[in-house]
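Shown next, in structure tokens, is the structure this report addresses.
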Amino acid sequence: MIKVLIFFVINSIIVSMIVLKSYNISKKYNFLDHPSEGKIHSSPIPFIGGIIIYILLIGCFSLNFFVNLNINLYLFFYLSAFFILGFIDDKFDLNSKYKILSVILISLILIYFDESFLIHKVFFEISNNEFYFGYFKIPITIMCVLLLYIALNMSDGINCLLISFAIIALTIVNIFVLKRDLGFMEISLLSSLGTLLYFNYRNKVFLGNTGANLLSAYFIYILINRNYYDYVDVFEVISVFFIMGLDMVRLIFLRLLNKSNPFNRDLNHFHHLLYKKFDLKLTIVIYLIISFLPLILHYLTNTLLVFYMPFQILIYSIIIYKLK
């Protein structure tokens, strides 16, 4: 416990030191996010949050060669590939179709080398049985990868939201959904995200596409990998990302109806609508409560999760209707 605490503190100090120097570094290497249409900030902000997280993850994975931390090298490959994609996107603003094709290619490469990165089956706690996909396991895996990747990236639109969501999701997913202890990599992520949360709130740094990509790669891999070895209730996984998934579907549908690119940036996301009505803190609190309350109630009351999920849809729909 003491080693974990020391590791957490050291990571937080390193993040703070880098962020405090981030503006000059970002200005020198052109890593500033300038205000533009579809964005709500009014001054240039460094978007190196993801780079900072990746630097600390490299340190964490390096420790694996000196201390047995049981860190999966396939996971490191996946995180690195998504980080590189996010880095290129931050620098050159990639077209959405190239990003999606890149995610598919990276995932197919990993599937070839790592059998555990395949969704062979899903487990339903409500009926206590499994459903196997057979020959459809590869397209099902790719579809799930893309859905989570797009949903997480589309949720990164206001300060602190994605970071706050990731901190809670990382903790809940590992401890309750996957039923495992937090490892050194999770501690590294939590310490990095916790420190970045403060500086993001102060408008000192953004996660950038590198940060959103790293978080999506982490959740995608651990969920698929753990599902391969254990019984992971599919509804528990869905409930965590349900609100951002609903919002993704709504936005894509509306944009297609308006004959625009479904992946174009705009200010019609659920969190943007909340932010127009409430302040930042209340916006984040509302978003997080709607996202995580069903799973929390499920564990507190020992009631089947599927009974709570329709209320997520209802509350989300009512809020959207009222705010529109």
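To be explicit about the labels: the chains of the structure tokens are called A, B, and onward in the order shown, and within each one the residues are counted from 1, while ligands get numbers from 1 in the order they are shown.
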
Could you give me, as JSON lines, a per-residue list for stretch 165-250 of chain A showing, wherever an atom lies at most 10 Å from an atom of stretch 101-114 of chain A, the closest pair of atoms and their distance in Å to one decimal, using only C-alpha atoms and sorting by chain then residue number from low to high?
{"residue": "A:Asn213", "atom": "CA", "partner": "A:Val103", "partner_atom": "CA", "distance": 9.9}
{"residue": "A:Ala217", "atom": "CA", "partner": "A:Val103", "partner_atom": "CA", "distance": 9.6}
{"residue": "A:Tyr221", "atom": "CA", "partner": "A:Ser107", "partner_atom": "CA", "distance": 9.7}
{"residue": "A:Asn225", "atom": "CA", "partner": "A:Asp114", "partner_atom": "CA", "distance": 9.2}

Quote the spacing between atom CA of A:Phe242 and atom CA of A:Ile313 in Å to one decimal place.
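The value is 8.7 Å.
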
Using only C-alpha atoms, tabulate the residues of stretch 195-305 of chain A lying at most 8 Å from any atom of stretch 166-176 of chain A, each with its closest atom pair and that distance in Å to one decimal, by chain and increasing residue number, as CSV.
residue,atom,partner,partner_atom,distance
A:Leu215,CA,A:Ala166,CA,7.3
A:Phe219,CA,A:Leu170,CA,7.9
A:Val237,CA,A:Val173,CA,7.7
A:Val240,CA,A:Ala169,CA,7.0

Mind dumping the selected residues with N, CA and C atoms as an mmCIF file, in the first residue's frame?
data_model
loop_
_atom_site.group_PDB
_atom_site.id
_atom_site.type_symbol
_atom_site.label_atom_id
_atom_site.label_comp_id
_atom_site.auth_asym_id
_atom_site.auth_seq_id
_atom_site.Cartn_x
_atom_site.Cartn_y
_atom_site.Cartn_z
ATOM 1 N N LEU A 215 -7.406 6.541 -23.587
ATOM 2 C CA LEU A 215 -8.471 6.064 -22.697
ATOM 3 C C LEU A 215 -9.370 5.064 -23.419
ATOM 4 N N PHE A 219 -9.859 1.038 -22.260
ATOM 5 C CA PHE A 219 -11.139 0.400 -21.942
ATOM 6 C C PHE A 219 -11.479 -0.696 -22.951
ATOM 7 N N VAL A 237 -21.294 -3.817 -18.668
ATOM 8 C CA VAL A 237 -20.381 -3.083 -19.549
ATOM 9 C C VAL A 237 -21.143 -2.008 -20.315
ATOM 10 N N VAL A 240 -22.220 1.295 -18.339
ATOM 11 C CA VAL A 240 -21.193 2.300 -18.052
ATOM 12 C C VAL A 240 -21.077 3.312 -19.182
#

Would you kindly return, as a compact mmCIF listing (two decimals) with C-alpha atoms, in the first residue's frame, each protein, DNA or RNA residue with an atom no farther than 9 Å from any atom of A:Thr141, considering only C-alpha atoms and excluding same-chain residues fewer than 6 positions away?
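File out_4.txt, as written:
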# COMPACT_ATOMS: atom_id res chain seq x y z
CA SER A 107 -7.37 -3.87 -34.08
CA PHE A 117 -8.56 -9.71 -28.13
CA LEU A 118 -11.62 -11.33 -29.66
CA ILE A 119 -15.22 -11.28 -28.48
CA HIS A 120 -16.00 -14.99 -28.81
CA ILE A 224 -12.41 -7.58 -24.44

Which residue, A:Leu146, A:Leu304, A:Leu182, A:Leu314, has the smallest gap to A:Glu125 when you use only C-alpha atoms?
A:Leu304

Which residues are near A:Ile220? Cut-off 8 Å, only C-alpha atoms, ignore same chain within fewer than 3 positions. Put them as a PyMOL selection string.
chain A and resi 145+148-149+216-217+223-224

Sel. of strand (DSSP E or B) residues, stretch 41-224 of chain A, as a list in words:
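Reading the DSSP output for stretch 41-224 of chain A, strand (DSSP E or B) covers Ile45, Pro46, Lys121, Val122, Phe123, Phe124, Asn129, Glu130, Phe131 and Tyr132 of chain A.
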
Quick check for you: according to DSSP on this backbone, which residues of stretch 139-275 of chain A are classed as helix (DSSP H, G or I)? Reply as a PyMOL selection string.
chain A and resi 139-154+161-177+184-201+208-229+234-240+242-257+270-275
